[in-house]
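A.B. asks: Sharing a structure with you now.
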Amino acid sequence: MEAFVKPGEKNRLKERPERPVKQELQPRVVKTPDGQEITVEPLKDYYCEAPPRVHPPAYAKIVEDLFNWARAESLWILGFGTGCGAIEMRPLMTPRFDAYRYGIQWRPTPRQANLFVISGYLSVKTLKRAIRSYEQMQNPKYVVGLGSCTINGGMYWDSYNTIKRLDRYLPVDLYITGCMPRPEALLAGFLELKKIIKAGKGEGANRYAENFDWYKANQKQVIHDWDMPDYSW
Amino acid sequence: MTFEWMKIPFALLTLFIVVNYGLLLTALMQKIAARVGGRYGIPIYQNYIDLLKNYALRSAITHGFMFYLGPVFRLTGGVGLLLFVPTIYGSAMFSNMSFAGDLILALYFIFFGSLGMALGAGESGHPYSAIGVSRGLSQVTMAELPLALAVFAIAVQYQTLSITEIVAAQQGGFLHWTLFTNPLAVIAAMLSFLGSMMRPPFDVVLAPQEIPIGPPTEYHSAYLALMQTNRVIFPIAKIVIFMNLFFGGASNWPVFFVKVFAIYMVSVLVGVVFPRFRVEQSIRWFMVWAVPIGIAAILIV
Ligand code: SF4
């Protein structure tokens, strides 16, 4: 796949001047308490630079089916609220909707979550954080786009600072439409996602790894101050 | 004393029963807490699914050697604690590896897991882990003090360091339980118990929503699954000690289940009613309420 550039349009990515690396990210020499001098290179030391790998389903079909069932019945959502839609996620935890019944929980850290809900418009600044959070999640992982903003830009269609189509930047498994979708719609969406996972089609993480260059090119096209390595597990 | 090989399968059986009981029990406790909040709560078998899912995650990354060992140490702490105390009193099958001085060893094992966790979480390099670890170690150390005092009190009372003998001394009607023969020690120990169960008001270590979840912030996949396994074994192993020391032990599995449930309920009931303490508040609370009672318990024996 090619980077997302409209026919006839110039690839602005190539013309953009190199930005200087931020000061806190430049390599520096630090003196330890016992007098040694060590070089700290934040971009190398704090991140992993290996690209993501494809992890194909490794076991026999019956085992994978069991695992997929377990994955579907235990959706741990990353507590990351973007856009207005995040406000509709909270009622899901309350007695009225109580998503815990369906094995849905909220985890505060991307390491332990396996479902990333992009709950509305994504500003470019947030997209950067969303990408880093997504990459820190463990395979298999799922992305749900919430609301019309993630599908086509919604009412932010001509905004200078939000992205329009989420699936150009992250592999989306499911969209829930509405502006904004009600909690019932979210629950229905999650049940639908369970069906997708049980059918073995929730392979977004592998799609991301396979088309890594395409996703990265798209991401870099909108994120201008790209001051991180290409892959930050 | 000769070692009987037959003990190993029995010990594994104990472990199996306790793991399953623990998975169901913690889910039940979460359900009870949810009902208090007016929710329906998770399905009773949810813990099994979560565990299976975490073992089934395909990728895992590491932050270094201790990062691997952290969960392993933690699980060793839980399993070791369980295996070295007699689970069922008077049963050759389920007395496990208990021996004459096991009380001291048990105290050591209670602490062992926290230390392993501290090392592993420190290696992960996440600032929230570091905060969680420092909070955790100070709080656990403080909560351990009343327990140690209570244990010394009853060791003096019964003139032994063997858990089996302590249980034996409490047989013959519930008025023989330490609960009635030495209530101060039991109160001190139960206050310490609240502090070590990681439930409110003493859950500032994990502090969900505040420092994401404290020490395990960076743990995922199979590491997390190991820690979840420990999370169900460890409280029960600890409750088994409390049951043996203070509540007359259990002479068969049904009594065991009921007593463990009741003791666990104490911390859950306290937890759903009281809000979270900060670390310095909880340390002061232990100093003011639990430690003097523990000292009094030793003095009156
Ligand atoms: S879809 Fe509507 S509710 Fe959702 S983020 Fe966009 S504008 Fe807000």
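Chain labels run A, B, ... following the order of the structure tokens; each chain numbers its residues from 1, and ligands are numbered from 1 in the order shown.
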What are the closest atom pairs, with distances in Å to one decimal, for each residue of chain A lying within 10 Å of ligand 1, using only C-alpha atoms and all ligand atoms, rows by chain and rising residue number, as JSON lines?
C.D. replies:
```
{"residue": "A:Thr82", "atom": "CA", "partner": "ligand 1", "partner_atom_place_in_ligand_line": "5 (S)", "distance": 7.6}
{"residue": "A:Gly83", "atom": "CA", "partner": "ligand 1", "partner_atom_place_in_ligand_line": "5 (S)", "distance": 4.5}
{"residue": "A:Cys84", "atom": "CA", "partner": "ligand 1", "partner_atom_place_in_ligand_line": "8 (Fe)", "distance": 4.2}
{"residue": "A:Gly85", "atom": "CA", "partner": "ligand 1", "partner_atom_place_in_ligand_line": "4 (Fe)", "distance": 4.6}
{"residue": "A:Ala86", "atom": "CA", "partner": "ligand 1", "partner_atom_place_in_ligand_line": "5 (S)", "distance": 8.1}
{"residue": "A:Ile87", "atom": "CA", "partner": "ligand 1", "partner_atom_place_in_ligand_line": "3 (S)", "distance": 9.0}
{"residue": "A:Glu88", "atom": "CA", "partner": "ligand 1", "partner_atom_place_in_ligand_line": "3 (S)", "distance": 9.0}
{"residue": "A:Ile118", "atom": "CA", "partner": "ligand 1", "partner_atom_place_in_ligand_line": "5 (S)", "distance": 9.1}
{"residue": "A:Ser119", "atom": "CA", "partner": "ligand 1", "partner_atom_place_in_ligand_line": "5 (S)", "distance": 6.4}
{"residue": "A:Gly120", "atom": "CA", "partner": "ligand 1", "partner_atom_place_in_ligand_line": "5 (S)", "distance": 3.3}
{"residue": "A:Tyr121", "atom": "CA", "partner": "ligand 1", "partner_atom_place_in_ligand_line": "5 (S)", "distance": 4.4}
{"residue": "A:Leu122", "atom": "CA", "partner": "ligand 1", "partner_atom_place_in_ligand_line": "5 (S)", "distance": 7.9}
{"residue": "A:Gly145", "atom": "CA", "partner": "ligand 1", "partner_atom_place_in_ligand_line": "4 (Fe)", "distance": 9.6}
{"residue": "A:Leu146", "atom": "CA", "partner": "ligand 1", "partner_atom_place_in_ligand_line": "4 (Fe)", "distance": 6.6}
{"residue": "A:Gly147", "atom": "CA", "partner": "ligand 1", "partner_atom_place_in_ligand_line": "1 (S)", "distance": 3.8}
{"residue": "A:Ser148", "atom": "CA", "partner": "ligand 1", "partner_atom_place_in_ligand_line": "1 (S)", "distance": 4.2}
{"residue": "A:Cys149", "atom": "CA", "partner": "ligand 1", "partner_atom_place_in_ligand_line": "6 (Fe)", "distance": 4.1}
{"residue": "A:Thr150", "atom": "CA", "partner": "ligand 1", "partner_atom_place_in_ligand_line": "1 (S)", "distance": 7.0}
{"residue": "A:Ile151", "atom": "CA", "partner": "ligand 1", "partner_atom_place_in_ligand_line": "1 (S)", "distance": 8.5}
{"residue": "A:Asn152", "atom": "CA", "partner": "ligand 1", "partner_atom_place_in_ligand_line": "1 (S)", "distance": 9.3}
{"residue": "A:Gly153", "atom": "CA", "partner": "ligand 1", "partner_atom_place_in_ligand_line": "6 (Fe)", "distance": 7.3}
{"residue": "A:Gly154", "atom": "CA", "partner": "ligand 1", "partner_atom_place_in_ligand_line": "6 (Fe)", "distance": 5.7}
{"residue": "A:Met155", "atom": "CA", "partner": "ligand 1", "partner_atom_place_in_ligand_line": "7 (S)", "distance": 5.6}
{"residue": "A:Tyr156", "atom": "CA", "partner": "ligand 1", "partner_atom_place_in_ligand_line": "7 (S)", "distance": 6.8}
{"residue": "A:Trp157", "atom": "CA", "partner": "ligand 1", "partner_atom_place_in_ligand_line": "6 (Fe)", "distance": 9.5}
{"residue": "A:Ile176", "atom": "CA", "partner": "ligand 1", "partner_atom_place_in_ligand_line": "1 (S)", "distance": 9.6}
{"residue": "A:Thr177", "atom": "CA", "partner": "ligand 1", "partner_atom_place_in_ligand_line": "1 (S)", "distance": 7.8}
{"residue": "A:Gly178", "atom": "CA", "partner": "ligand 1", "partner_atom_place_in_ligand_line": "1 (S)", "distance": 6.2}
{"residue": "A:Cys179", "atom": "CA", "partner": "ligand 1", "partner_atom_place_in_ligand_line": "2 (Fe)", "distance": 3.7}
{"residue": "A:Met180", "atom": "CA", "partner": "ligand 1", "partner_atom_place_in_ligand_line": "3 (S)", "distance": 3.8}
{"residue": "A:Pro181", "atom": "CA", "partner": "ligand 1", "partner_atom_place_in_ligand_line": "3 (S)", "distance": 7.3}
{"residue": "A:Arg182", "atom": "CA", "partner": "ligand 1", "partner_atom_place_in_ligand_line": "3 (S)", "distance": 9.8}
```
A.B. asks: Between chain A and chain B, at 7 Å or less, what are the per-residue closest atom pairs and their distances in Å? Count only C-alpha atoms, order by chain and rising residue number, and return it as CSV.
C.D. replies:
```
residue,atom,partner,partner_atom,distance
A:His55,CA,B:Arg58,CA,6.7
A:Phe67,CA,B:Ala56,CA,6.2
A:Ala70,CA,B:Lys53,CA,5.3
A:Arg71,CA,B:Lys53,CA,5.3
A:Glu73,CA,B:Ile49,CA,6.9
A:Ser74,CA,B:Asp50,CA,5.6
A:Pro95,CA,B:Arg39,CA,4.4
A:Asp98,CA,B:Arg39,CA,6.3
A:Tyr100,CA,B:Ile42,CA,5.2
A:Arg101,CA,B:Ile42,CA,4.8
A:Gly103,CA,B:Ile42,CA,6.4
A:Pro108,CA,B:Pro212,CA,5.0
A:Thr109,CA,B:Thr217,CA,6.3
A:Arg111,CA,B:His220,CA,5.4
A:Gln112,CA,B:His220,CA,5.0
A:Gln138,CA,B:Ser59,CA,5.7
A:Asn139,CA,B:Ser59,CA,5.4
A:Pro140,CA,B:Leu57,CA,6.4
```
A.B. asks: Would you save the residues of that selection, restricted to N, CA, C and O atoms, as a PDB file, in the first residue's frame?
C.D. replies:
```pdb
ATOM      1  N   HIS A  55       2.376 -11.871  14.795  1.00  0.00           N
ATOM      2  CA  HIS A  55       2.243 -13.089  15.601  1.00  0.00           C
ATOM      3  C   HIS A  55       1.062 -13.870  15.061  1.00  0.00           C
ATOM      4  O   HIS A  55      -0.072 -13.588  15.435  1.00  0.00           O
ATOM      5  N   PHE A  67      -8.996 -19.807  22.958  1.00  0.00           N
ATOM      6  CA  PHE A  67      -8.335 -18.563  23.330  1.00  0.00           C
ATOM      7  C   PHE A  67      -9.138 -17.356  22.849  1.00  0.00           C
ATOM      8  O   PHE A  67      -9.291 -16.378  23.564  1.00  0.00           O
ATOM      9  N   ALA A  70     -11.870 -16.735  25.094  1.00  0.00           N
ATOM     10  CA  ALA A  70     -11.432 -16.085  26.336  1.00  0.00           C
ATOM     11  C   ALA A  70     -11.127 -14.613  26.077  1.00  0.00           C
ATOM     12  O   ALA A  70     -11.471 -13.747  26.875  1.00  0.00           O
ATOM     13  N   ARG A  71     -10.478 -14.329  24.926  1.00  0.00           N
ATOM     14  CA  ARG A  71     -10.158 -12.935  24.626  1.00  0.00           C
ATOM     15  C   ARG A  71     -11.417 -12.114  24.473  1.00  0.00           C
ATOM     16  O   ARG A  71     -11.478 -10.952  24.889  1.00  0.00           O
ATOM     17  N   GLU A  73     -14.342 -12.709  25.834  1.00  0.00           N
ATOM     18  CA  GLU A  73     -15.116 -12.582  27.068  1.00  0.00           C
ATOM     19  C   GLU A  73     -14.374 -11.790  28.126  1.00  0.00           C
ATOM     20  O   GLU A  73     -14.882 -11.611  29.224  1.00  0.00           O
ATOM     21  N   SER A  74     -13.159 -11.398  27.836  1.00  0.00           N
ATOM     22  CA  SER A  74     -12.426 -10.612  28.823  1.00  0.00           C
ATOM     23  C   SER A  74     -11.802  -9.416  28.125  1.00  0.00           C
ATOM     24  O   SER A  74     -10.639  -9.407  27.781  1.00  0.00           O
ATOM     25  N   PRO A  95     -24.253   1.445  37.922  1.00  0.00           N
ATOM     26  CA  PRO A  95     -25.275   0.416  38.061  1.00  0.00           C
ATOM     27  C   PRO A  95     -26.234   0.362  36.874  1.00  0.00           C
ATOM     28  O   PRO A  95     -26.760  -0.695  36.555  1.00  0.00           O
ATOM     29  N   ASP A  98     -23.649  -1.102  33.735  1.00  0.00           N
ATOM     30  CA  ASP A  98     -22.868  -2.185  34.319  1.00  0.00           C
ATOM     31  C   ASP A  98     -22.233  -3.125  33.293  1.00  0.00           C
ATOM     32  O   ASP A  98     -22.604  -4.285  33.159  1.00  0.00           O
ATOM     33  N   TYR A 100     -19.525  -4.541  33.406  1.00  0.00           N
ATOM     34  CA  TYR A 100     -18.743  -5.628  34.011  1.00  0.00           C
ATOM     35  C   TYR A 100     -19.433  -6.971  33.822  1.00  0.00           C
ATOM     36  O   TYR A 100     -18.788  -8.001  33.830  1.00  0.00           O
ATOM     37  N   ARG A 101     -20.756  -6.925  33.676  1.00  0.00           N
ATOM     38  CA  ARG A 101     -21.489  -8.174  33.450  1.00  0.00           C
ATOM     39  C   ARG A 101     -20.956  -8.931  32.243  1.00  0.00           C
ATOM     40  O   ARG A 101     -21.029 -10.139  32.178  1.00  0.00           O
ATOM     41  N   GLY A 103     -17.915  -9.030  31.137  1.00  0.00           N
ATOM     42  CA  GLY A 103     -16.481  -9.264  31.170  1.00  0.00           C
ATOM     43  C   GLY A 103     -15.685  -8.075  30.676  1.00  0.00           C
ATOM     44  O   GLY A 103     -14.533  -8.207  30.292  1.00  0.00           O
ATOM     45  N   PRO A 108      -6.007   0.761  33.811  1.00  0.00           N
ATOM     46  CA  PRO A 108      -5.383   2.077  33.712  1.00  0.00           C
ATOM     47  C   PRO A 108      -4.096   2.082  32.902  1.00  0.00           C
ATOM     48  O   PRO A 108      -3.558   3.138  32.639  1.00  0.00           O
ATOM     49  N   THR A 109      -3.563   0.946  32.507  1.00  0.00           N
ATOM     50  CA  THR A 109      -2.297   0.962  31.792  1.00  0.00           C
ATOM     51  C   THR A 109      -2.396   0.195  30.478  1.00  0.00           C
ATOM     52  O   THR A 109      -3.040  -0.842  30.421  1.00  0.00           O
ATOM     53  N   ARG A 111      -0.338  -1.610  29.007  1.00  0.00           N
ATOM     54  CA  ARG A 111       0.257  -2.938  29.044  1.00  0.00           C
ATOM     55  C   ARG A 111      -0.780  -4.028  29.275  1.00  0.00           C
ATOM     56  O   ARG A 111      -0.651  -5.123  28.791  1.00  0.00           O
ATOM     57  N   GLN A 112      -1.768  -3.715  30.106  1.00  0.00           N
ATOM     58  CA  GLN A 112      -2.688  -4.769  30.499  1.00  0.00           C
ATOM     59  C   GLN A 112      -3.992  -4.721  29.723  1.00  0.00           C
ATOM     60  O   GLN A 112      -4.805  -5.619  29.842  1.00  0.00           O
ATOM     61  N   GLN A 138      -0.366  -5.242  24.143  1.00  0.00           N
ATOM     62  CA  GLN A 138       0.168  -6.524  23.695  1.00  0.00           C
ATOM     63  C   GLN A 138      -0.765  -7.192  22.685  1.00  0.00           C
ATOM     64  O   GLN A 138      -1.985  -7.086  22.795  1.00  0.00           O
ATOM     65  N   ASN A 139      -0.174  -7.834  21.764  1.00  0.00           N
ATOM     66  CA  ASN A 139      -0.885  -8.578  20.727  1.00  0.00           C
ATOM     67  C   ASN A 139      -1.626  -9.766  21.349  1.00  0.00           C
ATOM     68  O   ASN A 139      -1.038 -10.447  22.171  1.00  0.00           O
ATOM     69  N   PRO A 140      -2.845 -10.084  21.005  1.00  0.00           N
ATOM     70  CA  PRO A 140      -3.778  -9.380  20.131  1.00  0.00           C
ATOM     71  C   PRO A 140      -4.474  -8.224  20.838  1.00  0.00           C
ATOM     72  O   PRO A 140      -4.764  -8.310  22.010  1.00  0.00           O
TER      73      PRO A 140
END
```
A.B. asks: I need the helix (DSSP H, G or I) residues of stretch 123-285 of chain B per DSSP on the backbone, written as a CSV table (one decimal) with C-alpha atoms, in the first residue's frame.
C.D. replies:
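Wrote part12.csv, looks like this:
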```
chain,number,residue,atom,x,y,z
B,123,GLU,CA,13.4,-3.0,37.2
B,124,SER,CA,10.4,-2.1,35.0
B,127,PRO,CA,7.7,5.9,37.8
B,128,TYR,CA,4.3,4.8,39.0
B,129,SER,CA,5.8,1.4,39.9
B,130,ALA,CA,8.4,3.1,42.0
B,131,ILE,CA,5.8,5.1,43.9
B,132,GLY,CA,3.7,2.0,44.4
B,133,VAL,CA,6.7,0.1,45.7
B,134,SER,CA,7.7,2.7,48.2
B,135,ARG,CA,4.2,3.1,49.4
B,136,GLY,CA,3.8,-0.7,49.5
B,137,LEU,CA,6.9,-1.5,51.5
B,138,SER,CA,6.3,1.2,54.1
B,139,GLN,CA,2.7,0.1,54.6
B,140,VAL,CA,3.3,-3.6,54.6
B,141,THR,CA,6.2,-3.2,57.1
B,142,MET,CA,4.0,-1.2,59.3
B,143,ALA,CA,1.1,-3.6,59.1
B,144,GLU,CA,3.5,-6.5,59.8
B,145,LEU,CA,4.4,-5.1,63.2
B,146,PRO,CA,1.1,-5.7,65.0
B,147,LEU,CA,0.9,-9.1,63.4
B,148,ALA,CA,4.4,-10.0,64.7
B,149,LEU,CA,3.5,-8.8,68.2
B,150,ALA,CA,0.3,-10.8,68.1
B,151,VAL,CA,2.2,-13.9,66.9
B,152,PHE,CA,4.8,-13.5,69.7
B,153,ALA,CA,1.9,-13.1,72.2
B,154,ILE,CA,0.4,-16.4,71.3
B,155,ALA,CA,3.7,-18.1,70.9
B,156,VAL,CA,4.3,-17.2,74.5
B,157,GLN,CA,0.8,-18.2,75.4
B,158,TYR,CA,1.1,-21.7,73.9
B,163,ILE,CA,1.3,-24.0,64.0
B,164,THR,CA,0.0,-27.6,64.4
B,165,GLU,CA,0.5,-27.5,68.1
B,166,ILE,CA,-1.2,-24.1,68.4
B,167,VAL,CA,-4.2,-25.5,66.5
B,168,ALA,CA,-4.2,-28.6,68.7
B,169,ALA,CA,-4.3,-26.4,71.8
B,174,PHE,CA,-14.9,-22.5,70.2
B,175,LEU,CA,-14.3,-21.1,73.7
B,176,HIS,CA,-10.8,-22.6,73.4
B,178,THR,CA,-7.4,-17.8,70.7
B,179,LEU,CA,-10.2,-15.4,69.8
B,180,PHE,CA,-11.5,-15.9,73.3
B,181,THR,CA,-8.4,-16.9,75.2
B,183,PRO,CA,-8.7,-11.4,72.3
B,184,LEU,CA,-6.2,-8.6,72.3
B,185,ALA,CA,-3.7,-10.5,70.2
B,186,VAL,CA,-6.5,-11.4,67.8
B,187,ILE,CA,-7.7,-7.8,67.5
B,188,ALA,CA,-4.1,-6.6,66.8
B,189,ALA,CA,-3.7,-9.3,64.2
B,190,MET,CA,-7.0,-8.6,62.5
B,191,LEU,CA,-6.1,-4.9,62.2
B,192,SER,CA,-2.9,-5.9,60.6
B,193,PHE,CA,-4.8,-8.3,58.3
B,194,LEU,CA,-6.9,-5.4,57.1
B,195,GLY,CA,-3.7,-3.6,56.2
B,196,SER,CA,-2.2,-6.4,54.2
B,215,PRO,CA,3.8,-1.8,41.2
B,216,PRO,CA,2.3,-4.0,38.5
B,217,THR,CA,1.8,-1.0,36.1
B,218,GLU,CA,4.3,-2.5,33.6
B,221,SER,CA,0.5,-11.1,29.5
B,222,ALA,CA,1.9,-14.1,31.3
B,223,TYR,CA,3.6,-12.1,34.0
B,224,LEU,CA,0.3,-10.6,34.9
B,225,ALA,CA,-1.3,-14.0,34.8
B,226,LEU,CA,1.3,-15.3,37.3
B,227,MET,CA,0.5,-12.4,39.5
B,228,GLN,CA,-3.2,-13.0,39.2
B,229,THR,CA,-2.7,-16.6,40.2
B,230,ASN,CA,-0.8,-15.4,43.2
B,231,ARG,CA,-3.5,-12.9,44.0
B,232,VAL,CA,-5.9,-15.7,44.5
B,233,ILE,CA,-3.5,-18.0,46.4
B,234,PHE,CA,-1.9,-15.5,48.7
B,235,PRO,CA,-4.8,-14.1,50.6
B,236,ILE,CA,-6.1,-17.6,51.2
B,237,ALA,CA,-2.8,-18.8,52.4
B,238,LYS,CA,-2.6,-15.9,54.8
B,239,ILE,CA,-6.2,-16.5,56.0
B,240,VAL,CA,-5.2,-20.1,56.6
B,241,ILE,CA,-2.6,-18.9,59.0
B,242,PHE,CA,-5.0,-16.6,60.8
B,243,MET,CA,-7.6,-19.3,61.0
B,244,ASN,CA,-5.0,-21.7,62.5
B,245,LEU,CA,-3.6,-19.2,64.9
B,246,PHE,CA,-6.8,-17.5,66.1
B,253,TRP,CA,-12.8,-28.8,53.9
B,254,PRO,CA,-16.3,-27.5,54.5
B,255,VAL,CA,-15.3,-25.9,57.8
B,256,PHE,CA,-12.2,-24.5,56.0
B,257,PHE,CA,-14.3,-22.9,53.2
B,258,VAL,CA,-16.7,-21.4,55.6
B,259,LYS,CA,-14.0,-20.0,57.9
B,260,VAL,CA,-11.9,-18.6,55.1
B,261,PHE,CA,-15.0,-17.0,53.6
B,262,ALA,CA,-15.9,-15.4,57.0
B,263,ILE,CA,-12.4,-14.0,57.6
B,264,TYR,CA,-12.2,-12.7,54.0
B,265,MET,CA,-15.5,-11.0,54.5
B,266,VAL,CA,-14.1,-8.9,57.4
B,267,SER,CA,-11.8,-7.1,55.0
B,268,VAL,CA,-14.4,-6.8,52.3
B,269,LEU,CA,-17.0,-5.3,54.6
B,270,VAL,CA,-14.5,-2.9,56.0
B,271,GLY,CA,-13.4,-2.1,52.5
B,272,VAL,CA,-16.8,-1.2,51.0
B,273,VAL,CA,-17.5,1.1,53.9
B,279,VAL,CA,0.3,6.2,53.5
B,280,GLU,CA,1.1,8.4,56.3
B,281,GLN,CA,-2.4,8.2,57.6
B,282,SER,CA,-2.4,4.4,57.5
B,283,ILE,CA,1.0,4.2,59.2
B,284,ARG,CA,-0.2,6.5,61.9
B,285,TRP,CA,-3.4,4.5,62.2
```
A.B. asks: I'd like the contact shell of A:Asp173 - 10 Å cut-off, only C-alpha atoms, skipping same-chain residues fewer than 4 positions apart - returned as a PyMOL selection string.
C.D. replies: chain A and resi 115+141-145+167+193+196-197+201-205
A.B. asks: Mind pulling up the distance from atom CA of B:Pro275 to atom CA of A:Gln105?
C.D. replies: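 Calculated distance between atom CA of A:Gln105 and atom CA of B:Pro275 is 21.4 Å.
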A.B. asks: Separation of atom CA of A:Thr39 and atom CA of A:Ser133, in Å?
C.D. replies: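 These two atoms are separated by 27.2 Å.
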A.B. asks: Give me, please, the distance in Å between atom CA of A:Leu191 and atom CA of A:Pro57, quoted to one decimal.
C.D. replies: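 Computing it gives 22.4 Å between the two atoms.
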